[in-house]
>>> print(open('data_36.pdb').read())   # PDB, C-alpha atoms, pLDDT in the B column
ATOM      1  CA  MET Z   1      -2.860-135.037 -38.302  1.00 91.00           C
ATOM      2  CA  ASP Z   2      -3.860-135.711 -34.694  1.00 97.00           C
ATOM      3  CA  PHE Z   3      -1.922-133.465 -32.319  1.00 97.00           C
ATOM      4  CA  VAL Z   4      -3.850-134.595 -29.233  1.00 98.00           C
ATOM      5  CA  GLY Z   5      -3.376-138.262 -30.062  1.00 98.00           C
ATOM      6  CA  GLU Z   6       0.334-137.714 -30.670  1.00 97.00           C
ATOM      7  CA  TYR Z   7       0.652-135.896 -27.369  1.00 98.00           C
ATOM      8  CA  ALA Z   8      -1.166-138.689 -25.536  1.00 98.00           C
ATOM      9  CA  ALA Z   9       1.238-141.216 -27.046  1.00 98.00           C
ATOM     10  CA  ASN Z  10       4.239-139.095 -26.069  1.00 98.00           C
ATOM     11  CA  VAL Z  11       3.056-138.747 -22.470  1.00 98.00           C
ATOM     12  CA  ASP Z  12       2.398-142.483 -22.282  1.00 98.00           C
ATOM     13  CA  ALA Z  13       5.881-143.223 -23.640  1.00 98.00           C
ATOM     14  CA  VAL Z  14       7.596-140.932 -21.127  1.00 98.00           C
ATOM     15  CA  LEU Z  15       5.674-142.359 -18.178  1.00 98.00           C
ATOM     16  CA  LYS Z  16       6.286-145.921 -19.367  1.00 98.00           C
ATOM     17  CA  ALA Z  17      10.028-145.230 -19.533  1.00 98.00           C
ATOM     18  CA  ILE Z  18       9.954-143.806 -16.008  1.00 98.00           C
ATOM     19  CA  TRP Z  19       8.124-146.795 -14.520  1.00 98.00           C
ATOM     20  CA  GLN Z  20      10.275-149.320 -16.381  1.00 98.00           C
ATOM     21  CA  GLU Z  21      13.708-147.717 -16.011  1.00 98.00           C
ATOM     22  CA  GLU Z  22      13.608-145.460 -12.957  1.00 98.00           C
ATOM     23  CA  ARG Z  23      11.857-147.677 -10.423  1.00 98.00           C
ATOM     24  CA  PRO Z  24      15.111-148.656  -8.629  1.00 98.00           C
ATOM     25  CA  ALA Z  25      16.088-144.989  -8.260  1.00 98.00           C
ATOM     26  CA  ILE Z  26      12.568-144.049  -7.132  1.00 98.00           C
ATOM     27  CA  ASP Z  27      12.593-146.811  -4.525  1.00 98.00           C
ATOM     28  CA  GLU Z  28      16.028-145.760  -3.275  1.00 98.00           C
ATOM     29  CA  ALA Z  29      14.906-142.145  -3.021  1.00 98.00           C
ATOM     30  CA  GLY Z  30      11.892-143.366  -1.060  1.00 98.00           C
ATOM     31  CA  ARG Z  31      14.101-145.260   1.362  1.00 98.00           C
ATOM     32  CA  MET Z  32      16.296-142.188   1.822  1.00 98.00           C
ATOM     33  CA  LEU Z  33      13.233-140.072   2.501  1.00 98.00           C
ATOM     34  CA  ALA Z  34      11.775-142.612   4.925  1.00 98.00           C
ATOM     35  CA  ARG Z  35      14.998-142.654   6.937  1.00 98.00           C
ATOM     36  CA  SER Z  36      14.959-138.872   7.024  1.00 98.00           C
ATOM     37  CA  LEU Z  37      11.349-138.703   8.182  1.00 98.00           C
ATOM     38  CA  GLU Z  38      11.936-141.349  10.859  1.00 98.00           C
ATOM     39  CA  ALA Z  39      14.842-139.270  12.159  1.00 97.00           C
ATOM     40  CA  GLY Z  40      12.695-136.134  12.311  1.00 97.00           C
ATOM     41  CA  GLY Z  41      13.933-134.571   9.089  1.00 98.00           C
ATOM     42  CA  LEU Z  42      12.087-132.530   6.484  1.00 98.00           C
ATOM     43  CA  LEU Z  43      11.780-132.842   2.731  1.00 98.00           C
ATOM     44  CA  TYR Z  44      12.900-129.532   1.221  1.00 98.00           C
ATOM     45  CA  VAL Z  45      11.793-129.024  -2.391  1.00 98.00           C
ATOM     46  CA  PHE Z  46      13.029-126.462  -4.908  1.00 96.00           C
ATOM     47  CA  GLY Z  47      12.660-125.753  -8.602  1.00 94.00           C
ATOM     48  CA  CYS Z  48      12.814-122.685 -10.844  1.00 90.00           C
ATOM     49  CA  GLY Z  49      10.241-121.598 -13.398  1.00 87.00           C
ATOM     50  CA  HIS Z  50       7.639-124.246 -14.139  1.00 89.00           C
ATOM     51  CA  SER Z  51       9.577-126.736 -11.992  1.00 89.00           C
ATOM     52  CA  HIS Z  52       8.437-124.824  -8.913  1.00 91.00           C
ATOM     53  CA  MET Z  53       5.093-126.606  -9.404  1.00 93.00           C
ATOM     54  CA  ILE Z  54       6.654-129.716  -7.868  1.00 95.00           C
ATOM     55  CA  GLU Z  55       6.996-127.717  -4.644  1.00 95.00           C
ATOM     56  CA  GLU Z  56       3.268-127.017  -4.724  1.00 95.00           C
ATOM     57  CA  GLU Z  57       2.404-130.578  -5.710  1.00 97.00           C
ATOM     58  CA  LEU Z  58       4.054-132.078  -2.644  1.00 97.00           C
ATOM     59  CA  PHE Z  59       3.036-129.391  -0.160  1.00 97.00           C
ATOM     60  CA  TYR Z  60      -0.076-129.190   2.021  1.00 96.00           C
ATOM     61  CA  ARG Z  61      -2.430-131.266  -0.068  1.00 95.00           C
ATOM     62  CA  ALA Z  62      -4.515-134.402   0.254  1.00 96.00           C
ATOM     63  CA  GLY Z  63      -2.034-137.256   0.387  1.00 96.00           C
ATOM     64  CA  GLY Z  64       0.936-134.933   0.889  1.00 97.00           C
ATOM     65  CA  LEU Z  65       3.484-135.472   3.621  1.00 98.00           C
ATOM     66  CA  GLY Z  66       3.292-133.132   6.578  1.00 97.00           C
ATOM     67  CA  ALA Z  67       7.075-132.823   6.680  1.00 98.00           C
ATOM     68  CA  VAL Z  68       7.433-131.049   3.328  1.00 98.00           C
ATOM     69  CA  CYS Z  69       9.064-127.621   3.275  1.00 97.00           C
ATOM     70  CA  PRO Z  70       8.711-125.944  -0.138  1.00 97.00           C
ATOM     71  CA  MET Z  71      11.304-123.289  -0.840  1.00 95.00           C
ATOM     72  CA  PHE Z  72       9.021-120.770  -2.528  1.00 92.00           C
ATOM     73  CA  GLU Z  73      11.310-118.181  -4.102  1.00 80.00           C
ATOM     74  CA  SER Z  74       9.041-115.806  -5.991  1.00 81.00           C
ATOM     75  CA  SER Z  75      11.881-114.314  -8.031  1.00 77.00           C
ATOM     76  CA  THR Z  76      12.266-117.636  -9.839  1.00 79.00           C
ATOM     77  CA  MET Z  77       8.540-118.141 -10.467  1.00 75.00           C
ATOM     78  CA  LEU Z  78       6.573-116.612 -13.312  1.00 72.00           C
ATOM     79  CA  HIS Z  79       4.040-114.325 -11.638  1.00 82.00           C
ATOM     80  CA  GLU Z  80       6.518-111.527 -10.928  1.00 76.00           C
ATOM     81  CA  GLY Z  81       7.941-111.484 -14.437  1.00 76.00           C
ATOM     82  CA  ALA Z  82       8.517-114.581 -16.549  1.00 76.00           C
ATOM     83  CA  ALA Z  83      11.476-113.242 -18.494  1.00 80.00           C
ATOM     84  CA  LYS Z  84      13.026-111.994 -15.254  1.00 77.00           C
ATOM     85  CA  SER Z  85      12.743-115.436 -13.684  1.00 79.00           C
ATOM     86  CA  SER Z  86      14.592-116.965 -16.633  1.00 82.00           C
ATOM     87  CA  ARG Z  87      17.417-114.488 -16.198  1.00 85.00           C
ATOM     88  CA  ILE Z  88      17.632-115.093 -12.456  1.00 74.00           C
ATOM     89  CA  GLU Z  89      17.853-118.884 -12.754  1.00 83.00           C
ATOM     90  CA  ARG Z  90      20.923-118.333 -14.921  1.00 80.00           C
ATOM     91  CA  MET Z  91      22.607-116.183 -12.266  1.00 75.00           C
ATOM     92  CA  SER Z  92      25.416-117.466 -10.079  1.00 85.00           C
ATOM     93  CA  GLY Z  93      25.587-116.500  -6.404  1.00 87.00           C
ATOM     94  CA  TYR Z  94      21.866-115.944  -5.825  1.00 89.00           C
ATOM     95  CA  ALA Z  95      21.287-119.417  -4.402  1.00 92.00           C
ATOM     96  CA  GLU Z  96      23.238-118.777  -1.211  1.00 94.00           C
ATOM     97  CA  LEU Z  97      20.904-115.885  -0.369  1.00 93.00           C
ATOM     98  CA  VAL Z  98      17.889-118.178  -0.688  1.00 93.00           C
ATOM     99  CA  ILE Z  99      19.131-121.260   1.115  1.00 95.00           C
ATOM    100  CA  ALA Z 100      20.396-119.167   4.030  1.00 94.00           C
ATOM    101  CA  ARG Z 101      16.749-118.547   4.952  1.00 94.00           C
ATOM    102  CA  TYR Z 102      16.158-122.237   5.694  1.00 95.00           C
ATOM    103  CA  ASP Z 103      17.437-124.405   8.535  1.00 95.00           C
ATOM    104  CA  ILE Z 104      18.346-127.333   6.309  1.00 97.00           C
ATOM    105  CA  GLY Z 105      20.729-129.903   7.767  1.00 97.00           C
ATOM    106  CA  PRO Z 106      21.960-133.502   7.951  1.00 98.00           C
ATOM    107  CA  LYS Z 107      18.586-135.031   8.849  1.00 98.00           C
ATOM    108  CA  ASP Z 108      16.918-133.561   5.780  1.00 98.00           C
ATOM    109  CA  ILE Z 109      16.387-134.429   2.132  1.00 98.00           C
ATOM    110  CA  PHE Z 110      16.731-131.745  -0.534  1.00 98.00           C
ATOM    111  CA  LEU Z 111      14.794-132.438  -3.746  1.00 98.00           C
ATOM    112  CA  ALA Z 112      16.080-130.370  -6.678  1.00 98.00           C
ATOM    113  CA  VAL Z 113      13.964-130.343  -9.832  1.00 98.00           C
ATOM    114  CA  SER Z 114      15.078-129.083 -13.239  1.00 96.00           C
ATOM    115  CA  SER Z 115      14.539-130.855 -16.542  1.00 95.00           C
ATOM    116  CA  SER Z 116      17.452-129.110 -18.242  1.00 95.00           C
ATOM    117  CA  GLY Z 117      19.674-129.116 -15.169  1.00 94.00           C
ATOM    118  CA  ILE Z 118      22.057-126.668 -16.833  1.00 95.00           C
ATOM    119  CA  ASN Z 119      21.377-123.392 -14.994  1.00 94.00           C
ATOM    120  CA  PRO Z 120      23.539-122.158 -12.114  1.00 94.00           C
ATOM    121  CA  PHE Z 121      20.733-121.405  -9.643  1.00 95.00           C
ATOM    122  CA  ILE Z 122      19.418-124.962  -9.255  1.00 96.00           C
ATOM    123  CA  ILE Z 123      22.907-126.492  -9.412  1.00 97.00           C
ATOM    124  CA  GLU Z 124      24.207-124.167  -6.689  1.00 97.00           C
ATOM    125  CA  MET Z 125      21.116-124.801  -4.546  1.00 97.00           C
ATOM    126  CA  ALA Z 126      21.875-128.528  -4.683  1.00 98.00           C
ATOM    127  CA  GLN Z 127      25.550-127.934  -3.907  1.00 98.00           C
ATOM    128  CA  LEU Z 128      24.756-125.712  -0.925  1.00 98.00           C
ATOM    129  CA  ALA Z 129      22.177-128.137   0.464  1.00 98.00           C
ATOM    130  CA  GLY Z 130      24.737-130.916   0.230  1.00 98.00           C
ATOM    131  CA  ALA Z 131      27.328-128.749   1.953  1.00 97.00           C
ATOM    132  CA  LYS Z 132      24.887-128.348   4.855  1.00 97.00           C
ATOM    133  CA  GLY Z 133      24.745-132.132   5.175  1.00 98.00           C
ATOM    134  CA  ALA Z 134      21.382-132.796   3.516  1.00 98.00           C
ATOM    135  CA  ARG Z 135      20.967-135.778   1.200  1.00 98.00           C
ATOM    136  CA  VAL Z 136      20.391-134.369  -2.286  1.00 98.00           C
ATOM    137  CA  VAL Z 137      17.968-136.022  -4.722  1.00 98.00           C
ATOM    138  CA  GLY Z 138      17.439-134.634  -8.215  1.00 98.00           C
ATOM    139  CA  ILE Z 139      14.881-134.964 -10.975  1.00 98.00           C
ATOM    140  CA  SER Z 140      16.268-134.039 -14.388  1.00 98.00           C
ATOM    141  CA  ALA Z 141      16.281-135.033 -18.055  1.00 97.00           C
ATOM    142  CA  PHE Z 142      19.493-136.909 -18.692  1.00 97.00           C
ATOM    143  CA  GLY Z 143      19.410-136.031 -22.401  1.00 94.00           C
ATOM    144  CA  TYR Z 144      20.614-132.558 -21.423  1.00 94.00           C
ATOM    145  CA  ARG Z 145      23.845-133.976 -20.050  1.00 94.00           C
ATOM    146  CA  GLN Z 146      25.156-133.863 -23.607  1.00 92.00           C
ATOM    147  CA  LYS Z 147      24.313-130.154 -23.851  1.00 92.00           C
ATOM    148  CA  PRO Z 148      26.552-127.286 -22.631  1.00 94.00           C
ATOM    149  CA  SER Z 149      25.954-126.171 -19.046  1.00 95.00           C
ATOM    150  CA  ARG Z 150      25.661-122.541 -17.973  1.00 93.00           C
ATOM    151  CA  HIS Z 151      27.373-123.370 -14.683  1.00 95.00           C
ATOM    152  CA  LYS Z 152      30.838-121.866 -14.311  1.00 93.00           C
ATOM    153  CA  ASP Z 153      32.401-125.315 -13.880  1.00 94.00           C
ATOM    154  CA  GLY Z 154      30.342-126.929 -16.612  1.00 93.00           C
ATOM    155  CA  LEU Z 155      28.347-129.016 -14.150  1.00 97.00           C
ATOM    156  CA  HIS Z 156      24.872-130.437 -14.726  1.00 98.00           C
ATOM    157  CA  LEU Z 157      22.327-131.066 -11.973  1.00 98.00           C
ATOM    158  CA  PRO Z 158      22.915-134.860 -11.910  1.00 97.00           C
ATOM    159  CA  ASP Z 159      26.612-134.156 -11.229  1.00 97.00           C
ATOM    160  CA  VAL Z 160      25.851-132.571  -7.849  1.00 98.00           C
ATOM    161  CA  CYS Z 161      23.139-134.946  -6.591  1.00 98.00           C
ATOM    162  CA  GLY Z 162      23.713-138.022  -4.489  1.00 97.00           C
ATOM    163  CA  LEU Z 163      20.873-139.600  -6.455  1.00 98.00           C
ATOM    164  CA  CYS Z 164      19.241-138.228  -9.602  1.00 98.00           C
ATOM    165  CA  ILE Z 165      16.193-139.619 -11.385  1.00 98.00           C
ATOM    166  CA  ASP Z 166      15.823-139.285 -15.160  1.00 98.00           C
ATOM    167  CA  ASN Z 167      12.398-137.925 -16.120  1.00 98.00           C
ATOM    168  CA  HIS Z 168      12.991-139.009 -19.746  1.00 98.00           C
ATOM    169  CA  VAL Z 169      11.840-135.652 -21.097  1.00 97.00           C
ATOM    170  CA  PRO Z 170      13.149-134.884 -24.619  1.00 96.00           C
ATOM    171  CA  VAL Z 171      15.478-131.932 -25.062  1.00 95.00           C
ATOM    172  CA  GLY Z 172      13.257-128.927 -25.684  1.00 94.00           C
ATOM    173  CA  ASP Z 173      10.382-130.441 -23.654  1.00 95.00           C
ATOM    174  CA  ALA Z 174       7.583-129.716 -26.151  1.00 96.00           C
ATOM    175  CA  SER Z 175       6.809-132.946 -27.971  1.00 96.00           C
ATOM    176  CA  VAL Z 176       4.445-132.297 -30.898  1.00 96.00           C
ATOM    177  CA  ALA Z 177       5.459-130.403 -34.058  1.00 95.00           C
ATOM    178  CA  VAL Z 178       2.581-127.971 -34.642  1.00 96.00           C
ATOM    179  CA  CYS Z 179       4.148-125.533 -37.154  1.00 97.00           C
ATOM    180  CA  LYS Z 180       5.515-126.076 -40.623  1.00 95.00           C
ATOM    181  CA  ASP Z 181       8.975-125.070 -39.434  1.00 96.00           C
ATOM    182  CA  GLY Z 182       8.937-127.804 -36.756  1.00 93.00           C
ATOM    183  CA  THR Z 183       8.105-125.601 -33.758  1.00 96.00           C
ATOM    184  CA  ARG Z 184       6.569-127.794 -31.080  1.00 96.00           C
ATOM    185  CA  ALA Z 185       3.905-127.625 -28.385  1.00 97.00           C
ATOM    186  CA  GLY Z 186       2.733-130.228 -25.873  1.00 97.00           C
ATOM    187  CA  PRO Z 187       5.376-130.126 -23.097  1.00 97.00           C
ATOM    188  CA  VAL Z 188       5.782-133.279 -21.007  1.00 98.00           C
ATOM    189  CA  SER Z 189       8.173-132.195 -18.235  1.00 97.00           C
ATOM    190  CA  SER Z 190       5.573-131.215 -15.630  1.00 96.00           C
ATOM    191  CA  ILE Z 191       3.640-134.471 -15.941  1.00 97.00           C
ATOM    192  CA  ALA Z 192       6.842-136.513 -15.793  1.00 98.00           C
ATOM    193  CA  SER Z 193       8.424-134.739 -12.819  1.00 98.00           C
ATOM    194  CA  LEU Z 194       5.184-134.594 -10.845  1.00 98.00           C
ATOM    195  CA  ALA Z 195       4.703-138.326 -11.309  1.00 98.00           C
ATOM    196  CA  ILE Z 196       8.237-139.059 -10.100  1.00 98.00           C
ATOM    197  CA  ALA Z 197       7.890-136.802  -7.067  1.00 98.00           C
ATOM    198  CA  ASP Z 198       4.608-138.396  -6.005  1.00 98.00           C
ATOM    199  CA  ALA Z 199       6.070-141.851  -6.585  1.00 98.00           C
ATOM    200  CA  VAL Z 200       9.030-141.035  -4.315  1.00 98.00           C
ATOM    201  CA  VAL Z 201       6.588-140.012  -1.588  1.00 98.00           C
ATOM    202  CA  LEU Z 202       4.678-143.278  -2.013  1.00 98.00           C
ATOM    203  CA  ALA Z 203       7.917-145.263  -1.890  1.00 98.00           C
ATOM    204  CA  ALA Z 204       8.765-143.495   1.369  1.00 98.00           C
ATOM    205  CA  CYS Z 205       5.312-144.240   2.771  1.00 98.00           C
ATOM    206  CA  GLN Z 206       5.743-147.901   1.897  1.00 98.00           C
ATOM    207  CA  GLU Z 207       9.140-148.028   3.579  1.00 98.00           C
ATOM    208  CA  LEU Z 208       7.745-146.391   6.707  1.00 98.00           C
ATOM    209  CA  ARG Z 209       4.923-148.934   6.848  1.00 98.00           C
ATOM    210  CA  LEU Z 210       7.486-151.734   6.557  1.00 97.00           C
ATOM    211  CA  ARG Z 211       9.174-150.196   9.601  1.00 97.00           C
ATOM    212  CA  GLY Z 212       5.879-150.196  11.478  1.00 98.00           C
ATOM    213  CA  ILE Z 213       5.341-146.451  11.139  1.00 98.00           C
ATOM    214  CA  ASP Z 214       2.228-144.796   9.751  1.00 97.00           C
ATOM    215  CA  PRO Z 215       3.291-141.956   7.413  1.00 97.00           C
ATOM    216  CA  GLU Z 216       2.078-138.509   8.406  1.00 97.00           C
ATOM    217  CA  VAL Z 217       0.047-137.298   5.429  1.00 98.00           C
ATOM    218  CA  PHE Z 218      -2.682-134.733   5.037  1.00 97.00           C
ATOM    219  CA  ARG Z 219      -6.271-135.660   4.282  1.00 97.00           C
ATOM    220  CA  SER Z 220      -8.588-133.662   2.048  1.00 96.00           C
ATOM    221  CA  GLY Z 221     -10.090-130.720   3.886  1.00 92.00           C
ATOM    222  CA  ASN Z 222     -13.175-131.195   1.725  1.00 95.00           C
ATOM    223  CA  CYS Z 223     -14.036-134.543   3.310  1.00 94.00           C
ATOM    224  CA  ASP Z 224     -15.634-135.177   6.705  1.00 95.00           C
ATOM    225  CA  GLY Z 225     -13.115-134.919   9.525  1.00 93.00           C
ATOM    226  CA  GLY Z 226     -10.344-133.646   7.258  1.00 93.00           C
ATOM    227  CA  ASP Z 227      -9.816-130.321   9.006  1.00 95.00           C
ATOM    228  CA  ALA Z 228      -9.617-131.873  12.458  1.00 94.00           C
ATOM    229  CA  TYR Z 229      -7.204-134.543  11.270  1.00 95.00           C
ATOM    230  CA  ASN Z 230      -4.993-132.022   9.468  1.00 95.00           C
ATOM    231  CA  GLY Z 231      -4.939-129.736  12.490  1.00 95.00           C
ATOM    232  CA  ARG Z 232      -2.669-132.190  14.274  1.00 95.00           C
ATOM    233  CA  LEU Z 233      -0.133-132.033  11.450  1.00 95.00           C
ATOM    234  CA  LEU Z 234      -0.317-128.250  11.343  1.00 95.00           C
ATOM    235  CA  ARG Z 235       0.488-128.097  15.039  1.00 95.00           C
ATOM    236  CA  ARG Z 236       3.298-130.619  14.640  1.00 95.00           C
ATOM    237  CA  PHE Z 237       5.056-129.015  11.672  1.00 95.00           C
ATOM    238  CA  GLY Z 238       3.842-125.411  11.702  1.00 93.00           C
ATOM    239  CA  ALA Z 239       6.845-124.065  13.593  1.00 93.00           C
ATOM    240  CA  ARG Z 240       9.336-125.767  11.260  1.00 94.00           C
ATOM    241  CA  VAL Z 241       7.710-125.385   7.847  1.00 95.00           C
ATOM    242  CA  ARG Z 242       7.590-121.668   7.198  1.00 89.00           C
ATOM    243  CA  SER Z 243       4.897-121.799   4.512  1.00 93.00           C
ATOM    244  CA  LEU Z 244       2.385-123.509   6.829  1.00 92.00           C
TER     245      LEU Z 244
END
>>> encode(input="data_36.pdb", output="structure tokens")
Amino acid sequence: MDFVGEYAANVDAVLKAIWQEERPAIDEAGRMLARSLEAGGLLYVFGCGHSHMIEEELFYRAGGLGAVCPMFESSTMLHEGAAKSSRIERMSGYAELVIARYDIGPKDIFLAVSSSGINPFIIEMAQLAGAKGARVVGISAFGYRQKPSRHKDGLHLPDVCGLCIDNHVPVGDASVAVCKDGTRAGPVSSIASLAIADAVVLAACQELRLRGIDPEVFRSGNCDGGDAYNGRLLRRFGARVRSL
């Protein structure tokens, strides 16, 4: 019995599958993002529950793009009531109240993250972003496509994205059986989705460099000159990215 070793092997297997099987989709998402950034667009990011961490991962950090607009909706996070957030992400109609607060449009990319991809909130967010003209990219676990959706039309997140990347997370997420009855711990979805999101950003940076453009990314504020360097990006994007 080696739960940690089993978890390490499971994480390695998921990441290996992503790098081997999803690289074309990651590269295409990077090209889409690069075109958006070159045109002056923003990368809007949204996820419910633990998937909201991808918003934080890409936003205002060392190596993060300046043109990232996280859609922090506290009702779908955990700190104001975890059980409540689960109920809200299953609600239909709430998404239009959230997306109306953002000036998302045809120049922009909307990144929707949900491993299950079966709940109405995230699906409707992706639909509404697409209706506003944004290019919609998803990160989801394709194994859930065989599971019933909670969306009124039976849709799954990949169904409403122009491009969706499989994070290869097993149904149920937790990967190591730790109880006699088979109950599992050791979730892998956060690691998988974070890796994909950062890889998409790197693919976009590479595409921009190929076009002769230096990507606009933050430096660490804990290194010499970081604050002064980042100040330029804050002035450039502060009026457009509400969380800055």
>>> residues_around(input="data_36.pdb", residues="Tyr60 of chain Z", least_positions_apart="6", cutoff="10 Å", atoms="all atoms listed in the file", output="ChimeraX atom specification")
/Z:66-70,217-220,230,233-234,243-244
>>> closest_residue(input="data_36.pdb", among="Z:Val188, Z:Ile118, Z:Cys179, Z:Cys164", to="Lys152 of chain Z", atoms="only C-alpha atoms")
Z:Ile118
>>> closest_residue(input="data_36.pdb", among="Z:Thr183, Z:Asn10, Z:Ser189, Z:Asn119", to="Gly154 of chain Z", atoms="all atoms listed in the file")
Z:Asn119
>>> residues_around(input="data_36.pdb", residues="Leu78 of chain Z", least_positions_apart="6", cutoff="10 Å", atoms="all atoms listed in the file", output="ChimeraX atom specification")
/Z:48-50,52,84-86
>>> atom_distance(input="data_36.pdb", atom1="atom CA of Ser140 of chain Z", atom2="atom CA of Ser190 of chain Z")
11.1 Å
>>> residues_around(input="data_36.pdb", residues="Ser92 of chain Z", least_positions_apart="2", cutoff="7 Å", atoms="all atoms listed in the file", output="number ranges by chain")
Z: 90, 94, 120-121
>>> axis_aligned_box(input="data_36.pdb", around="segment 27-43 of chain Z", padding_each_side="8 Å", output="AutoDock Vina command-line options")
--center_x 13.8 --center_y -139.7 --center_z 3.9 --size_x 20.9 --size_y 30.3 --size_z 32.8
>>> closest_residue(input="data_36.pdb", among="Z:Ile99, Z:Ala134, Z:Ile165, Z:Leu42", to="Ile196 of chain Z", atoms="only C-alpha atoms")
Z:Ile165
>>> closest_residue(input="data_36.pdb", among="Z:Phe46, Z:Ile109, Z:Tyr144, Z:Glu38", to="Glu124 of chain Z", atoms="all atoms listed in the file")
Z:Phe46
>>> closest_residue(input="data_36.pdb", among="Z:Val169, Z:Lys107, Z:Val14, Z:Ser51", to="Thr76 of chain Z", atoms="only C-alpha atoms")
Z:Ser51
>>> atom_distance(input="data_36.pdb", atom1="atom CA of Gly182 of chain Z", atom2="atom CA of Arg145 of chain Z")
23.2 Å
>>> atom_distance(input="data_36.pdb", atom1="atom CA of Arg31 of chain Z", atom2="atom CA of Ala204 of chain Z")
5.6 Å
>>> resolve_selection(input="data_36.pdb", expression="the PyMOL selection byres ((chain Z and resi 162) around 8)", output="JSON, numbers by chain")
{"Z": [135, 136, 137, 160, 161, 163, 164]}
>>> write_last_selection(input="data_36.pdb", atoms="C-alpha atoms", output="PDB file, keeping the file's coordinate frame")
ATOM      1  CA  ARG Z 135      20.967-135.778   1.200  1.00 98.00           C
ATOM      2  CA  VAL Z 136      20.391-134.369  -2.286  1.00 98.00           C
ATOM      3  CA  VAL Z 137      17.968-136.022  -4.722  1.00 98.00           C
ATOM      4  CA  VAL Z 160      25.851-132.571  -7.849  1.00 98.00           C
ATOM      5  CA  CYS Z 161      23.139-134.946  -6.591  1.00 98.00           C
ATOM      6  CA  LEU Z 163      20.873-139.600  -6.455  1.00 98.00           C
ATOM      7  CA  CYS Z 164      19.241-138.228  -9.602  1.00 98.00           C
TER       8      CYS Z 164
END
>>> resolve_selection(input="data_36.pdb", expression="the PyMOL selection byres ((chain Z and resi 111-113) around 6)", output="PDB file with C-alpha atoms, in the coordinates of the input")
ATOM      1  CA  VAL Z  45      11.793-129.024  -2.391  1.00 98.00           C
ATOM      2  CA  PHE Z  46      13.029-126.462  -4.908  1.00 96.00           C
ATOM      3  CA  GLY Z  47      12.660-125.753  -8.602  1.00 94.00           C
ATOM      4  CA  PHE Z 110      16.731-131.745  -0.534  1.00 98.00           C
ATOM      5  CA  SER Z 114      15.078-129.083 -13.239  1.00 96.00           C
ATOM      6  CA  VAL Z 137      17.968-136.022  -4.722  1.00 98.00           C
ATOM      7  CA  GLY Z 138      17.439-134.634  -8.215  1.00 98.00           C
ATOM      8  CA  ILE Z 139      14.881-134.964 -10.975  1.00 98.00           C
TER       9      ILE Z 139
END
>>> residues_around(input="data_36.pdb", residues="Pro106 of chain Z", least_positions_apart="2", cutoff="10 Å", atoms="all atoms listed in the file", output="list in words")
Ser36, Gly41, Ile104, Asp108, Ile109, Ala129, Gly130, Ala131, Lys132, Gly133, Ala134 and Arg135 of chain Z
>>> closest_residue(input="data_36.pdb", among="Z:Ala195, Z:Ile88, Z:Leu43, Z:Leu157", to="Tyr102 of chain Z", atoms="only C-alpha atoms")
Z:Leu43
>>> residues_near_point(input="data_36.pdb", point="(-0.8, -141.5, -20.5)", cutoff="12 Å", atoms="only C-alpha atoms", output="list in words")
Val4, Gly5, Glu6, Tyr7, Ala8, Ala9, Asn10, Val11, Asp12, Ala13, Val14, Leu15, Lys16, Ala17, Ile18, Trp19, Val188, Ile191, Ala192 and Ala195 of chain Z
>>> resolve_selection(input="data_36.pdb", expression="the PyMOL selection byres ((chain Z and resi 184) around 12)", output="MDAnalysis selection string")
chainID Z and resid 3 6:7 170:183 185:188
>>> decode(input="data_36.pdb", residues="segment 25-32 of chain Z", atoms="N, CA, C and O atoms", output="PDB file, in the first residue's frame")
ATOM      1  N   ALA Z  25      -4.305  20.597 -29.977  1.00  0.00           N
ATOM      2  CA  ALA Z  25      -5.364  21.488 -29.497  1.00  0.00           C
ATOM      3  C   ALA Z  25      -4.779  22.634 -28.677  1.00  0.00           C
ATOM      4  O   ALA Z  25      -5.238  23.780 -28.770  1.00  0.00           O
ATOM      5  N   ILE Z  26      -3.758  22.347 -27.869  1.00  0.00           N
ATOM      6  CA  ILE Z  26      -3.102  23.394 -27.089  1.00  0.00           C
ATOM      7  C   ILE Z  26      -2.457  24.415 -28.014  1.00  0.00           C
ATOM      8  O   ILE Z  26      -2.577  25.633 -27.813  1.00  0.00           O
ATOM      9  N   ASP Z  27      -1.776  23.935 -29.049  1.00  0.00           N
ATOM     10  CA  ASP Z  27      -1.129  24.851 -29.991  1.00  0.00           C
ATOM     11  C   ASP Z  27      -2.154  25.699 -30.734  1.00  0.00           C
ATOM     12  O   ASP Z  27      -1.936  26.895 -30.960  1.00  0.00           O
ATOM     13  N   GLU Z  28      -3.280  25.087 -31.110  1.00  0.00           N
ATOM     14  CA  GLU Z  28      -4.318  25.847 -31.810  1.00  0.00           C
ATOM     15  C   GLU Z  28      -4.931  26.901 -30.889  1.00  0.00           C
ATOM     16  O   GLU Z  28      -5.179  28.034 -31.310  1.00  0.00           O
ATOM     17  N   ALA Z  29      -5.165  26.527 -29.629  1.00  0.00           N
ATOM     18  CA  ALA Z  29      -5.672  27.502 -28.676  1.00  0.00           C
ATOM     19  C   ALA Z  29      -4.675  28.647 -28.499  1.00  0.00           C
ATOM     20  O   ALA Z  29      -5.069  29.815 -28.383  1.00  0.00           O
ATOM     21  N   GLY Z  30      -3.387  28.321 -28.501  1.00  0.00           N
ATOM     22  CA  GLY Z  30      -2.369  29.356 -28.399  1.00  0.00           C
ATOM     23  C   GLY Z  30      -2.380  30.292 -29.591  1.00  0.00           C
ATOM     24  O   GLY Z  30      -2.227  31.519 -29.433  1.00  0.00           O
ATOM     25  N   ARG Z  31      -2.574  29.745 -30.774  1.00  0.00           N
ATOM     26  CA  ARG Z  31      -2.651  30.607 -31.961  1.00  0.00           C
ATOM     27  C   ARG Z  31      -3.880  31.499 -31.911  1.00  0.00           C
ATOM     28  O   ARG Z  31      -3.812  32.688 -32.262  1.00  0.00           O
ATOM     29  N   MET Z  32      -5.002  30.954 -31.463  1.00  0.00           N
ATOM     30  CA  MET Z  32      -6.217  31.759 -31.315  1.00  0.00           C
ATOM     31  C   MET Z  32      -5.985  32.898 -30.329  1.00  0.00           C
ATOM     32  O   MET Z  32      -6.370  34.045 -30.578  1.00  0.00           O
TER      33      MET Z  32
END
